[in-house]
file input.txt (compact mmCIF, C-alpha atoms)
# COMPACT_ATOMS: atom_id res chain seq x y z
CA MET K 1 -207.62 83.41 153.33
CA THR K 2 -210.06 81.24 155.29
CA HIS K 3 -212.01 78.37 153.77
CA SER K 4 -215.04 77.11 155.60
CA PRO K 5 -216.19 73.76 154.25
CA PRO K 6 -219.33 72.44 155.92
CA LEU K 7 -217.94 70.37 158.78
CA ALA K 8 -221.11 68.26 158.97
CA HIS K 9 -219.89 66.51 155.81
CA PRO K 10 -216.18 67.30 155.42
CA ARG K 11 -214.42 65.95 152.38
CA LEU K 12 -211.43 64.18 153.88
CA VAL K 13 -208.34 63.19 151.93
CA VAL K 14 -205.44 61.16 153.26
CA VAL K 15 -202.06 61.25 151.56
CA GLY K 16 -200.69 57.77 152.15
CA ASN K 17 -199.85 54.41 150.69
CA PRO K 18 -203.20 52.78 149.80
CA ALA K 19 -202.25 49.34 151.14
CA ASN K 20 -200.78 50.70 154.37
CA ARG K 21 -202.56 49.66 157.56
CA ARG K 22 -202.41 53.27 158.81
CA VAL K 23 -204.59 54.31 155.88
CA ALA K 24 -206.97 51.44 156.63
CA PHE K 25 -207.30 52.52 160.27
CA PHE K 26 -208.07 56.10 159.25
CA ARG K 27 -210.62 54.93 156.69
CA ASP K 28 -212.28 52.77 159.34
CA ALA K 29 -212.45 55.74 161.73
CA VAL K 30 -214.01 57.96 159.07
CA ARG K 31 -216.57 55.27 158.21
CA ALA K 32 -217.43 54.71 161.88
CA ALA K 33 -218.05 58.45 162.26
CA GLY K 34 -220.68 58.25 159.52
CA LEU K 35 -218.71 60.51 157.19
CA PRO K 36 -218.36 60.27 153.42
CA LYS K 37 -215.71 57.86 152.19
CA VAL K 38 -212.20 59.24 152.55
CA ARG K 39 -210.26 59.79 149.34
CA VAL K 40 -206.69 58.42 149.24
CA GLU K 41 -204.03 60.35 147.37
CA PRO K 42 -201.06 57.96 146.99
CA TRP K 43 -197.59 59.06 148.01
CA LEU K 44 -196.38 57.76 144.64
CA ASP K 45 -198.53 60.37 142.89
CA VAL K 46 -197.23 63.08 145.20
CA LEU K 47 -193.59 62.16 144.55
CA ARG K 48 -194.17 61.92 140.80
CA GLY K 49 -195.99 65.25 140.62
CA GLY K 50 -199.39 63.81 139.82
CA ALA K 51 -201.32 64.52 143.03
CA ARG K 52 -204.47 66.60 142.66
CA PHE K 53 -206.62 68.33 145.28
CA HIS K 54 -209.96 70.13 145.17
CA PRO K 55 -211.47 73.18 146.87
CA GLY K 56 -212.63 72.60 150.41
CA GLU K 57 -210.96 69.23 150.89
CA ILE K 58 -209.30 68.62 154.25
CA VAL K 59 -205.98 66.89 153.61
CA ARG K 60 -204.21 64.73 156.19
CA LEU K 61 -200.70 63.35 155.74
CA GLU K 62 -199.96 59.78 156.69
CA SER K 63 -196.58 58.06 156.96
CA PRO K 64 -194.97 57.23 153.59
CA GLY K 65 -193.53 54.00 155.03
CA GLU K 66 -194.07 50.34 154.12
CA GLU K 67 -194.12 50.87 150.36
CA PRO K 68 -190.93 49.78 148.48
CA GLU K 69 -191.28 52.10 145.48
CA VAL K 70 -192.00 55.11 147.70
CA ASP K 71 -189.01 54.20 149.85
CA ARG K 72 -186.83 53.93 146.76
CA LEU K 73 -187.85 57.39 145.57
CA LEU K 74 -187.30 58.94 148.98
CA ARG K 75 -184.25 57.02 150.20
CA GLY K 76 -182.60 55.56 147.14
CA THR K 77 -183.21 51.92 148.12
CA ASP K 78 -186.26 49.67 148.29
CA ASP K 79 -184.69 47.40 150.91
CA PRO K 80 -186.59 48.28 154.10
CA THR K 81 -183.92 46.66 156.26
CA ARG K 82 -181.12 48.98 155.13
CA VAL K 83 -180.14 51.67 157.64
CA GLU K 84 -178.32 54.10 155.36
CA GLY K 85 -180.12 56.75 153.32
CA THR K 86 -181.99 58.73 155.97
CA GLY K 87 -180.28 61.99 154.98
CA ARG K 88 -181.52 61.63 151.42
CA TRP K 89 -184.95 60.54 152.75
CA TYR K 90 -185.20 63.73 154.80
CA GLU K 91 -184.30 66.00 151.90
CA SER K 92 -186.75 64.23 149.59
CA PHE K 93 -189.55 64.12 152.15
CA THR K 94 -189.32 67.77 153.20
CA ALA K 95 -189.14 68.90 149.56
CA ALA K 96 -192.18 66.76 148.74
CA THR K 97 -194.28 68.03 151.66
CA THR K 98 -193.37 71.64 150.89
CA GLU K 99 -194.48 71.21 147.27
CA LEU K 100 -197.58 69.32 148.41
CA ALA K 101 -198.51 72.24 150.66
CA ARG K 102 -198.31 74.57 147.67
CA SER K 103 -200.58 72.27 145.65
CA VAL K 104 -203.11 72.02 148.46
CA ASP K 105 -203.07 75.77 148.97
CA ASP K 106 -203.41 76.54 145.26
CA ALA K 107 -206.38 74.18 145.03
CA GLY K 108 -208.18 75.94 147.88
CA ALA K 109 -207.95 72.86 150.07
CA ILE K 110 -206.79 72.66 153.68
CA LEU K 111 -203.69 70.85 154.92
CA VAL K 112 -204.07 69.64 158.50
CA ASP K 113 -200.37 69.72 159.42
CA ASP K 114 -197.64 72.29 158.81
CA PRO K 115 -194.81 70.96 156.59
CA ALA K 116 -192.34 73.36 158.20
CA GLU K 117 -193.02 71.69 161.55
CA LEU K 118 -192.61 68.26 159.97
CA ALA K 119 -189.14 69.37 158.87
CA VAL K 120 -188.29 70.11 162.51
CA LEU K 121 -189.92 66.95 163.87
CA PHE K 122 -187.93 64.80 161.47
CA ASP K 123 -184.62 66.36 162.52
CA LYS K 124 -183.87 65.29 166.09
CA ARG K 125 -181.32 68.09 166.49
CA LEU K 126 -183.85 70.78 165.61
CA ALA K 127 -186.69 69.17 167.54
CA HIS K 128 -184.54 68.83 170.66
CA ALA K 129 -183.61 72.50 170.52
CA ARG K 130 -187.21 73.60 170.05
CA LEU K 131 -188.33 71.54 173.04
CA ARG K 132 -185.49 72.84 175.20
CA GLU K 133 -186.26 76.45 174.30
CA ALA K 134 -189.94 75.84 175.13
CA GLY K 135 -188.92 74.76 178.63
CA VAL K 136 -189.72 71.08 178.07
CA PRO K 137 -187.33 68.80 180.01
CA VAL K 138 -185.10 66.90 177.57
CA PRO K 139 -181.87 64.91 177.94
CA GLU K 140 -178.68 66.94 177.70
CA SER K 141 -177.31 67.04 174.16
CA PRO K 142 -174.14 68.49 172.59
CA THR K 143 -175.74 68.34 169.11
CA SER K 144 -178.95 70.25 169.82
CA GLY K 145 -179.85 73.05 167.42
CA ALA K 146 -179.00 74.23 163.94
CA ASP K 147 -175.66 75.67 165.07
CA ALA K 148 -174.46 72.55 166.89
CA PRO K 149 -171.26 70.90 165.67
CA ALA K 150 -171.60 68.31 162.95
CA VAL K 151 -170.77 64.73 163.86
CA ARG K 152 -168.51 63.41 161.11
CA GLY K 153 -167.71 60.08 162.71
CA TRP K 154 -166.71 58.19 165.83
CA ALA K 155 -163.84 60.57 166.61
CA ASP K 156 -166.33 63.42 166.91
CA VAL K 157 -168.62 61.33 169.12
CA ARG K 158 -165.72 60.58 171.43
CA ALA K 159 -164.69 64.24 171.53
CA LEU K 160 -168.21 65.49 172.24
CA MET K 161 -168.70 62.93 174.99
CA ALA K 162 -165.44 63.96 176.63
CA ALA K 163 -166.17 67.68 176.33
CA SER K 164 -169.66 67.22 177.79
CA GLY K 165 -168.59 64.83 180.53
CA LEU K 166 -170.95 62.17 179.20
CA ARG K 167 -170.06 58.51 179.63
CA ARG K 168 -173.39 57.10 178.47
CA VAL K 169 -175.14 58.47 175.40
CA PHE K 170 -177.64 57.51 172.77
CA VAL K 171 -176.24 58.03 169.28
CA LYS K 172 -179.19 58.50 166.94
CA LEU K 173 -179.67 59.13 163.25
CA ALA K 174 -180.85 62.72 163.04
CA HIS K 175 -183.62 61.67 160.65
CA GLY K 176 -184.22 58.12 161.85
CA SER K 177 -187.32 56.47 163.26
CA SER K 178 -188.38 53.23 164.96
CA ALA K 179 -184.93 52.95 166.64
CA SER K 180 -183.26 52.56 163.24
CA GLY K 181 -179.55 53.26 163.62
CA VAL K 182 -179.75 53.95 167.36
CA LEU K 183 -176.78 52.97 169.52
CA ALA K 184 -176.75 53.06 173.32
CA VAL K 185 -173.05 53.78 173.95
CA GLU K 186 -171.28 53.28 177.27
CA THR K 187 -167.72 54.09 178.30
CA ASN K 188 -165.96 53.49 181.61
CA SER K 189 -163.12 55.18 183.43
CA ALA K 190 -160.63 52.86 181.76
CA GLY K 191 -161.82 53.98 178.33
CA ARG K 192 -163.56 50.75 177.39
CA VAL K 193 -166.46 51.19 174.96
CA GLN K 194 -169.52 49.09 174.23
CA ALA K 195 -172.76 49.75 172.38
CA THR K 196 -176.19 48.13 172.41
CA THR K 197 -178.09 48.39 169.14
CA SER K 198 -180.30 46.62 166.63
CA VAL K 199 -177.90 47.56 163.80
CA GLU K 200 -176.27 44.59 162.09
CA ARG K 201 -173.07 45.25 160.14
CA ALA K 202 -172.55 43.03 157.11
CA PRO K 203 -169.05 41.82 156.10
CA ASP K 204 -169.02 44.38 153.27
CA GLY K 205 -169.71 47.22 155.74
CA ARG K 206 -173.38 47.80 154.89
CA LEU K 207 -175.76 48.30 157.80
CA PHE K 208 -179.08 46.55 158.30
CA ASN K 209 -181.85 46.83 160.86
CA SER K 210 -182.36 43.64 162.78
CA LEU K 211 -185.11 42.50 165.13
CA ARG K 212 -182.38 41.19 167.44
CA VAL K 213 -180.74 43.64 169.80
CA ARG K 214 -177.00 42.99 170.01
CA ARG K 215 -173.98 44.37 171.80
CA TYR K 216 -170.71 45.48 170.23
CA THR K 217 -167.93 45.26 172.81
CA ARG K 218 -164.94 46.43 170.78
CA GLU K 219 -164.40 50.11 170.08
CA ARG K 220 -163.37 49.45 166.49
CA GLU K 221 -166.74 47.73 165.89
CA VAL K 222 -168.64 50.66 167.38
CA ALA K 223 -166.52 53.11 165.39
CA ALA K 224 -167.19 51.26 162.14
CA VAL K 225 -170.96 51.50 162.64
CA VAL K 226 -170.89 55.16 163.66
CA ASP K 227 -168.57 56.13 160.81
CA THR K 228 -170.99 54.52 158.33
CA LEU K 229 -174.00 56.29 159.86
CA ALA K 230 -172.40 59.73 160.17
CA PRO K 231 -172.90 60.97 156.57
CA ASP K 232 -176.68 60.82 157.15
CA GLY K 233 -176.42 63.10 160.21
CA LEU K 234 -176.15 62.12 163.88
CA HIS K 235 -177.61 63.37 167.15
CA LEU K 236 -176.26 62.62 170.64
CA GLU K 237 -178.23 62.62 173.89
CA ARG K 238 -177.43 61.78 177.48
CA TRP K 239 -178.58 58.26 178.30
CA LEU K 240 -180.89 58.90 181.23
CA PRO K 241 -181.41 56.14 183.80
CA LYS K 242 -185.09 55.23 183.57
CA ALA K 243 -187.60 53.91 186.05
CA ALA K 244 -188.45 50.23 185.97
CA GLN K 245 -191.53 48.04 186.02
CA GLY K 246 -191.21 44.36 186.83
CA GLY K 247 -187.44 44.51 186.61
CA ARG K 248 -187.53 46.01 183.10
CA VAL K 249 -186.76 49.60 182.13
CA ALA K 250 -189.90 51.51 181.23
CA ASP K 251 -191.00 54.52 179.24
CA LEU K 252 -194.28 55.70 177.74
CA ARG K 253 -195.60 56.63 174.33
CA VAL K 254 -198.23 59.31 174.86
CA VAL K 255 -200.38 60.48 171.95
CA VAL K 256 -201.40 64.14 172.04
CA ILE K 257 -204.25 65.16 169.75
CA ALA K 258 -205.27 68.81 169.32
CA GLY K 259 -203.22 69.71 172.40
CA ARG K 260 -204.62 67.05 174.72
CA ALA K 261 -202.99 63.80 175.87
CA THR K 262 -205.51 61.17 174.80
CA HIS K 263 -203.74 57.79 174.69
CA ALA K 264 -200.79 56.26 176.52
CA VAL K 265 -198.98 52.96 176.42
CA VAL K 266 -196.21 51.74 178.72
CA ARG K 267 -193.26 50.07 177.02
CA THR K 268 -190.83 47.89 178.98
CA SER K 269 -187.65 46.13 177.95
CA ARG K 270 -184.53 44.41 179.20
CA SER K 271 -182.50 46.42 176.68
CA PRO K 272 -182.11 50.22 176.43
CA MET K 273 -184.51 50.25 173.45
CA THR K 274 -188.13 49.76 174.49
CA ASN K 275 -189.61 49.66 170.97
CA LEU K 276 -192.18 46.88 170.78
CA HIS K 277 -190.80 45.48 167.52
CA LEU K 278 -187.41 45.01 169.23
CA GLY K 279 -188.73 42.78 171.97
CA GLY K 280 -190.26 45.43 174.19
CA THR K 281 -193.57 44.56 175.80
CA ARG K 282 -196.52 46.63 176.90
CA GLY K 283 -196.46 47.37 180.60
CA ASP K 284 -199.30 48.17 182.96
CA LEU K 285 -200.51 51.75 182.96
CA GLY K 286 -202.33 51.40 186.28
CA THR K 287 -199.08 50.31 187.92
CA VAL K 288 -197.31 53.35 186.49
CA ARG K 289 -199.97 55.68 187.82
CA ALA K 290 -199.73 54.04 191.24
CA ALA K 291 -195.92 54.35 191.21
CA ILE K 292 -196.15 58.05 190.40
CA ALA K 293 -198.71 58.63 193.15
CA GLY K 294 -196.64 56.58 195.60
CA ALA K 295 -193.64 58.78 194.86
CA GLY K 296 -195.68 61.87 195.68
CA GLY K 297 -196.23 62.88 192.06
CA ARG K 298 -199.30 63.36 189.87
CA TRP K 299 -200.22 61.51 186.70
CA ALA K 300 -201.65 64.76 185.36
CA ASP K 301 -198.21 66.37 185.63
CA ALA K 302 -196.64 63.58 183.59
CA LEU K 303 -199.27 64.09 180.88
CA GLY K 304 -198.72 67.83 181.17
CA VAL K 305 -195.09 67.39 180.11
CA CYS K 306 -196.32 65.67 176.95
CA GLU K 307 -198.86 68.39 176.24
CA ARG K 308 -196.18 71.06 176.66
CA ALA K 309 -194.04 69.18 174.16
CA ALA K 310 -196.94 69.14 171.69
CA GLU K 311 -197.45 72.88 172.22
CA ALA K 312 -194.01 73.42 170.69
CA PHE K 313 -195.54 72.19 167.42
CA PRO K 314 -198.88 74.02 167.26
CA GLY K 315 -199.33 73.38 163.54
CA THR K 316 -199.32 69.60 163.96
CA GLN K 317 -202.64 68.03 164.98
CA CYS K 318 -201.31 64.74 166.40
CA VAL K 319 -197.92 63.75 167.82
CA GLY K 320 -196.59 60.77 169.71
CA VAL K 321 -194.42 61.82 172.65
CA ASP K 322 -191.82 59.46 174.10
CA LEU K 323 -191.89 60.19 177.83
CA LEU K 324 -188.89 59.06 179.88
CA PRO K 325 -189.58 58.55 183.61
CA ALA K 326 -186.54 58.97 185.83
CA VAL K 327 -185.71 56.39 188.50
CA GLY K 328 -188.18 56.96 191.33
CA TRP K 329 -191.07 58.05 189.06
CA ARG K 330 -190.92 61.69 190.17
CA ARG K 331 -189.30 63.39 187.19
CA PHE K 332 -189.91 63.07 183.47
CA ALA K 333 -188.13 64.08 180.28
CA VAL K 334 -189.14 63.94 176.64
CA GLY K 335 -186.98 61.73 174.46
CA GLU K 336 -188.65 62.44 171.12
CA VAL K 337 -191.78 63.86 169.53
CA ASN K 338 -192.99 61.74 166.62
CA ALA K 339 -195.05 63.11 163.74
CA PHE K 340 -196.47 59.66 162.95
CA GLY K 341 -196.53 58.29 166.46
CA ASP K 342 -200.18 57.23 166.55
CA LEU K 343 -199.97 53.61 165.36
CA LEU K 344 -201.22 51.90 168.51
CA PRO K 345 -203.83 49.37 167.34
CA GLY K 346 -206.54 48.51 169.83
CA LEU K 347 -205.58 51.20 172.34
CA THR K 348 -208.49 53.35 173.52
CA GLY K 349 -208.44 56.79 175.09
CA LEU K 350 -207.44 57.68 178.64
CA PRO K 351 -210.18 58.32 181.22
CA GLY K 352 -211.07 62.00 181.23
CA SER K 353 -209.30 62.64 177.91
CA GLY K 354 -212.45 63.03 175.83
CA ALA K 355 -211.30 60.06 173.73
CA GLU K 356 -212.67 57.28 175.91
CA GLY K 357 -213.62 54.29 173.78
CA GLN K 358 -211.85 55.71 170.73
CA ASP K 359 -208.61 54.56 169.14
CA THR K 360 -206.06 57.16 168.05
CA TYR K 361 -207.55 57.48 164.57
CA ALA K 362 -211.13 57.89 165.75
CA ALA K 363 -209.95 60.56 168.19
CA GLN K 364 -208.26 62.46 165.37
CA VAL K 365 -211.41 62.35 163.26
CA SER K 366 -213.37 63.70 166.23
CA ALA K 367 -210.83 66.49 166.65
CA LEU K 368 -211.21 67.46 163.00
CA LEU K 369 -214.98 67.61 163.40
CA ARG K 370 -214.69 69.80 166.51
CA LYS K 371 -212.53 72.30 164.70
CA SER K 372 -214.50 75.47 164.06
CA PRO K 373 -214.60 76.94 160.54
CA SER K 374 -212.89 80.11 161.73
CA ARG K 375 -209.85 78.08 162.78
CA THR K 376 -209.66 75.98 159.61
CA THR K 377 -207.28 77.89 157.38
CA ARG K 378 -205.15 77.23 154.39
CA THR K 379 -201.55 76.26 155.05
CA THR K 380 -199.01 79.07 154.92
CA ARG K 381 -196.61 78.48 152.09
CA THR K 382 -193.11 77.50 153.10
CA THR K 383 -189.95 77.47 151.08
CA GLY K 384 -187.51 75.68 153.33
CA THR K 385 -186.78 73.88 156.54
CA SER K 386 -187.76 75.65 159.73
CA THR K 387 -185.12 75.82 162.42
CA ALA K 388 -185.86 75.68 166.08
call {"tool": "encode", "arguments": {"input": "input.txt", "output": "structure tokens"}}
result
Amino acid sequence: MTHSPPLAHPRLVVVGNPANRRVAFFRDAVRAAGLPKVRVEPWLDVLRGGARFHPGEIVRLESPGEEPEVDRLLRGTDDPTRVEGTGRWYESFTAATTELARSVDDAGAILVDDPAELAVLFDKRLAHARLREAGVPVPESPTSGADAPAVRGWADVRALMAASGLRRVFVKLAHGSSASGVLAVETNSAGRVQATTSVERAPDGRLFNSLRVRRYTREREVAAVVDTLAPDGLHLERWLPKAAQGGRVADLRVVVIAGRATHAVVRTSRSPMTNLHLGGTRGDLGTVRAAIAGAGGRWADALGVCERAAEAFPGTQCVGVDLLPAVGWRRFAVGEVNAFGDLLPGLTGLPGSGAEGQDTYAAQVSALLRKSPSRTTRTTRTTGTSTA
């Protein structure tokens, strides 16, 4: 059934945490567009079964992060620095978004994003497989897909690395984000192991996220961290050598909105993790474009890889694609596709993207307004997690 609210004055709703800066940015974008005030439906109400929607409303999901009580309900702890609990978070989040979709649909409202796709995006194993099957270049992985072997601990990581011939891998929480629980693991021909990570292991064995990247140089230390993470689900990927800028490894976060790459930021670091909160710094996009051209490549082709990755998730309006440039700036792979990868304050759109002068939130509001009534449909009900 198709609902056609008048797009000149759409009634926008954002499901989010009211005090979250993401919600504030979206509200600002709606206000700047001259639209009626956006209504906020708190994640707490969603999780407690009290959310209500109305006919014709256009509902957008925002990240449930940065709210202790929401985190406690989803993950079982309100300590934002704790690493464990992502498996429970995933089960709670996917169940909540599936039920939310039913509520939106029953109310005659419109959900912007498909909860079945969110279930894939928030499982790195499923997302990797979907990208690979879509022909998007991704790092080699022995844990890609729903039928891949489970990783029960360090012994399994060692076995999978040996079977795949991989000496350098990223070990990631299957349902993690913001580099939480990520280890960059290296082995040599003599069997020595070391791992670079932001995970701090307390004396009692609990794991915490730290803003300081550290290196574990003893295999028993690496094993202890991995064994603690494993019950939440793990994903392994080949650690690809990346291009550099100014002597620092570099990658890009590219935001794709309604199928088009609109915003890009270069991230550089002296560690394998380029996340800005872990000491990464913004690089120079013009220098990247010049490096690609100097290597005989085209900037448009790099953006095209990101747009192909977004095409694998057609029911999701906006994604943040982590683009990994190989040494030499000629080849690119996709590390991850992030459902809430648009938090890039102050960044305006790429030339020729149609989002010039707009931040990521303003560009999403514009995309909603461009959407024709015939393409604005109610969300198909889903009853479980979609596999790739």
call {"tool": "closest_residue", "arguments": {"input": "input.txt", "among": "K:Arg212, K:Arg370, K:Arg75, K:Arg331", "to": "K:Leu278", "atoms": "only C-alpha atoms"}}
result
K:Arg212
call {"tool": "closest_residue", "arguments": {"input": "input.txt", "among": "K:Ser269, K:Asn338, K:Thr187, K:Ser198", "to": "K:Val213", "atoms": "only C-alpha atoms"}}
result
K:Ser198
call {"tool": "closest_atom_pairs", "arguments": {"input": "input.txt", "of": "stretch 45-146 of chain K", "to": "stretch 340-362 of chain K", "cutoff": "10 Å", "atoms": "all atoms listed in the file", "output": "Markdown table"}}
result
| residue | atom | partner | partner_atom | distance |
| --- | --- | --- | --- | --- |
| K:Leu61 | CA | K:Phe340 | CA | 9.1 |
| K:Glu62 | CA | K:Phe340 | CA | 7.2 |
| K:Ser63 | CA | K:Phe340 | CA | 6.2 |
| K:Pro64 | CA | K:Phe340 | CA | 9.8 |
| K:Leu118 | CA | K:Phe340 | CA | 9.9 |
| K:Leu121 | CA | K:Phe340 | CA | 9.8 |
call {"tool": "closest_residue", "arguments": {"input": "input.txt", "among": "K:Leu240, K:Ala119, K:Leu12, K:Leu44", "to": "K:Glu140", "atoms": "all atoms listed in the file"}}
result
K:Leu240
call {"tool": "residues_near_point", "arguments": {"input": "input.txt", "point": "(-208.0, 71.5, 165.8)", "cutoff": "7 Å", "atoms": "all atoms listed in the file", "output": "number ranges by chain"}}
result
K: 258, 317, 367-368, 370-371
call {"tool": "closest_residue", "arguments": {"input": "input.txt", "among": "K:Gly315, K:Gly16, K:Gly279, K:Gly85", "to": "K:Val38", "atoms": "all atoms listed in the file"}}
result
K:Gly16
call {"tool": "atom_distance", "arguments": {"input": "input.txt", "atom1": "atom CA of K:Phe93", "atom2": "atom CA of K:Val59"}}
result
16.7 Å
call {"tool": "atom_distance", "arguments": {"input": "input.txt", "atom1": "atom CA of K:Glu69", "atom2": "atom CA of K:Arg11"}}
result
27.8 Å
call {"tool": "residues_around", "arguments": {"input": "input.txt", "residues": "K:Leu74", "least_positions_apart": "2", "cutoff": "6 Å", "atoms": "only C-alpha atoms", "output": "VMD selection string"}}
result
chain K and resid 71 to 72 89 92
call {"tool": "residues_around", "arguments": {"input": "input.txt", "residues": "K:Ala310", "least_positions_apart": "4", "cutoff": "10 Å", "atoms": "all atoms listed in the file", "output": "ChimeraX atom specification"}}
result
/K:131,136,255-261,304-306,314-321,337-338
call {"tool": "write_last_selection", "arguments": {"input": "input.txt", "atoms": "C-alpha atoms", "output": "PDB file, keeping the file's coordinate frame"}}
result
ATOM      1  CA  LEU K 131    -188.330  71.540 173.040  1.00  0.00           C
ATOM      2  CA  VAL K 136    -189.720  71.080 178.070  1.00  0.00           C
ATOM      3  CA  VAL K 255    -200.380  60.480 171.950  1.00  0.00           C
ATOM      4  CA  VAL K 256    -201.400  64.140 172.040  1.00  0.00           C
ATOM      5  CA  ILE K 257    -204.250  65.160 169.750  1.00  0.00           C
ATOM      6  CA  ALA K 258    -205.270  68.810 169.320  1.00  0.00           C
ATOM      7  CA  GLY K 259    -203.220  69.710 172.400  1.00  0.00           C
ATOM      8  CA  ARG K 260    -204.620  67.050 174.720  1.00  0.00           C
ATOM      9  CA  ALA K 261    -202.990  63.800 175.870  1.00  0.00           C
ATOM     10  CA  GLY K 304    -198.720  67.830 181.170  1.00  0.00           C
ATOM     11  CA  VAL K 305    -195.090  67.390 180.110  1.00  0.00           C
ATOM     12  CA  CYS K 306    -196.320  65.670 176.950  1.00  0.00           C
ATOM     13  CA  PRO K 314    -198.880  74.020 167.260  1.00  0.00           C
ATOM     14  CA  GLY K 315    -199.330  73.380 163.540  1.00  0.00           C
ATOM     15  CA  THR K 316    -199.320  69.600 163.960  1.00  0.00           C
ATOM     16  CA  GLN K 317    -202.640  68.030 164.980  1.00  0.00           C
ATOM     17  CA  CYS K 318    -201.310  64.740 166.400  1.00  0.00           C
ATOM     18  CA  VAL K 319    -197.920  63.750 167.820  1.00  0.00           C
ATOM     19  CA  GLY K 320    -196.590  60.770 169.710  1.00  0.00           C
ATOM     20  CA  VAL K 321    -194.420  61.820 172.650  1.00  0.00           C
ATOM     21  CA  VAL K 337    -191.780  63.860 169.530  1.00  0.00           C
ATOM     22  CA  ASN K 338    -192.990  61.740 166.620  1.00  0.00           C
TER      23      ASN K 338
END
call {"tool": "atom_distance", "arguments": {"input": "input.txt", "atom1": "atom CA of K:Gly153", "atom2": "atom CA of K:Arg238"}}
result
17.8 Å
call {"tool": "closest_residue", "arguments": {"input": "input.txt", "among": "K:Val46, K:Ala134, K:Ala148, K:Ala202", "to": "K:Leu100", "atoms": "only C-alpha atoms"}}
result
K:Val46
call {"tool": "residues_around", "arguments": {"input": "input.txt", "residues": "K:Ala129", "least_positions_apart": "5", "cutoff": "10 Å", "atoms": "only C-alpha atoms", "output": "ChimeraX atom specification"}}
result
/K:120,124,134-136,138,141,143-146,148,387-388
call {"tool": "closest_residue", "arguments": {"input": "input.txt", "among": "K:Leu324, K:Leu236, K:Leu211, K:Trp299", "to": "K:Asp251", "atoms": "all atoms listed in the file"}}
result
K:Leu324
call {"tool": "residues_around", "arguments": {"input": "input.txt", "residues": "K:Met161", "least_positions_apart": "3", "cutoff": "12 Å", "atoms": "all atoms listed in the file", "output": "ChimeraX atom specification"}}
result
/K:140-143,151,154-158,164-171,185-188,191,193,235-239
call {"tool": "residues_near_point", "arguments": {"input": "input.txt", "point": "(-174.3, 45.3, 171.3)", "cutoff": "9 Å", "atoms": "all atoms listed in the file", "output": "PDB file with C-alpha atoms, keeping the file's coordinate frame"}}
result
ATOM      1  CA  LEU K 183    -176.780  52.970 169.520  1.00  0.00           C
ATOM      2  CA  ALA K 184    -176.750  53.060 173.320  1.00  0.00           C
ATOM      3  CA  VAL K 185    -173.050  53.780 173.950  1.00  0.00           C
ATOM      4  CA  GLN K 194    -169.520  49.090 174.230  1.00  0.00           C
ATOM      5  CA  ALA K 195    -172.760  49.750 172.380  1.00  0.00           C
ATOM      6  CA  THR K 196    -176.190  48.130 172.410  1.00  0.00           C
ATOM      7  CA  THR K 197    -178.090  48.390 169.140  1.00  0.00           C
ATOM      8  CA  SER K 198    -180.300  46.620 166.630  1.00  0.00           C
ATOM      9  CA  VAL K 199    -177.900  47.560 163.800  1.00  0.00           C
ATOM     10  CA  VAL K 213    -180.740  43.640 169.800  1.00  0.00           C
ATOM     11  CA  ARG K 214    -177.000  42.990 170.010  1.00  0.00           C
ATOM     12  CA  ARG K 215    -173.980  44.370 171.800  1.00  0.00           C
ATOM     13  CA  TYR K 216    -170.710  45.480 170.230  1.00  0.00           C
ATOM     14  CA  THR K 217    -167.930  45.260 172.810  1.00  0.00           C
ATOM     15  CA  VAL K 222    -168.640  50.660 167.380  1.00  0.00           C
TER      16      VAL K 222
END
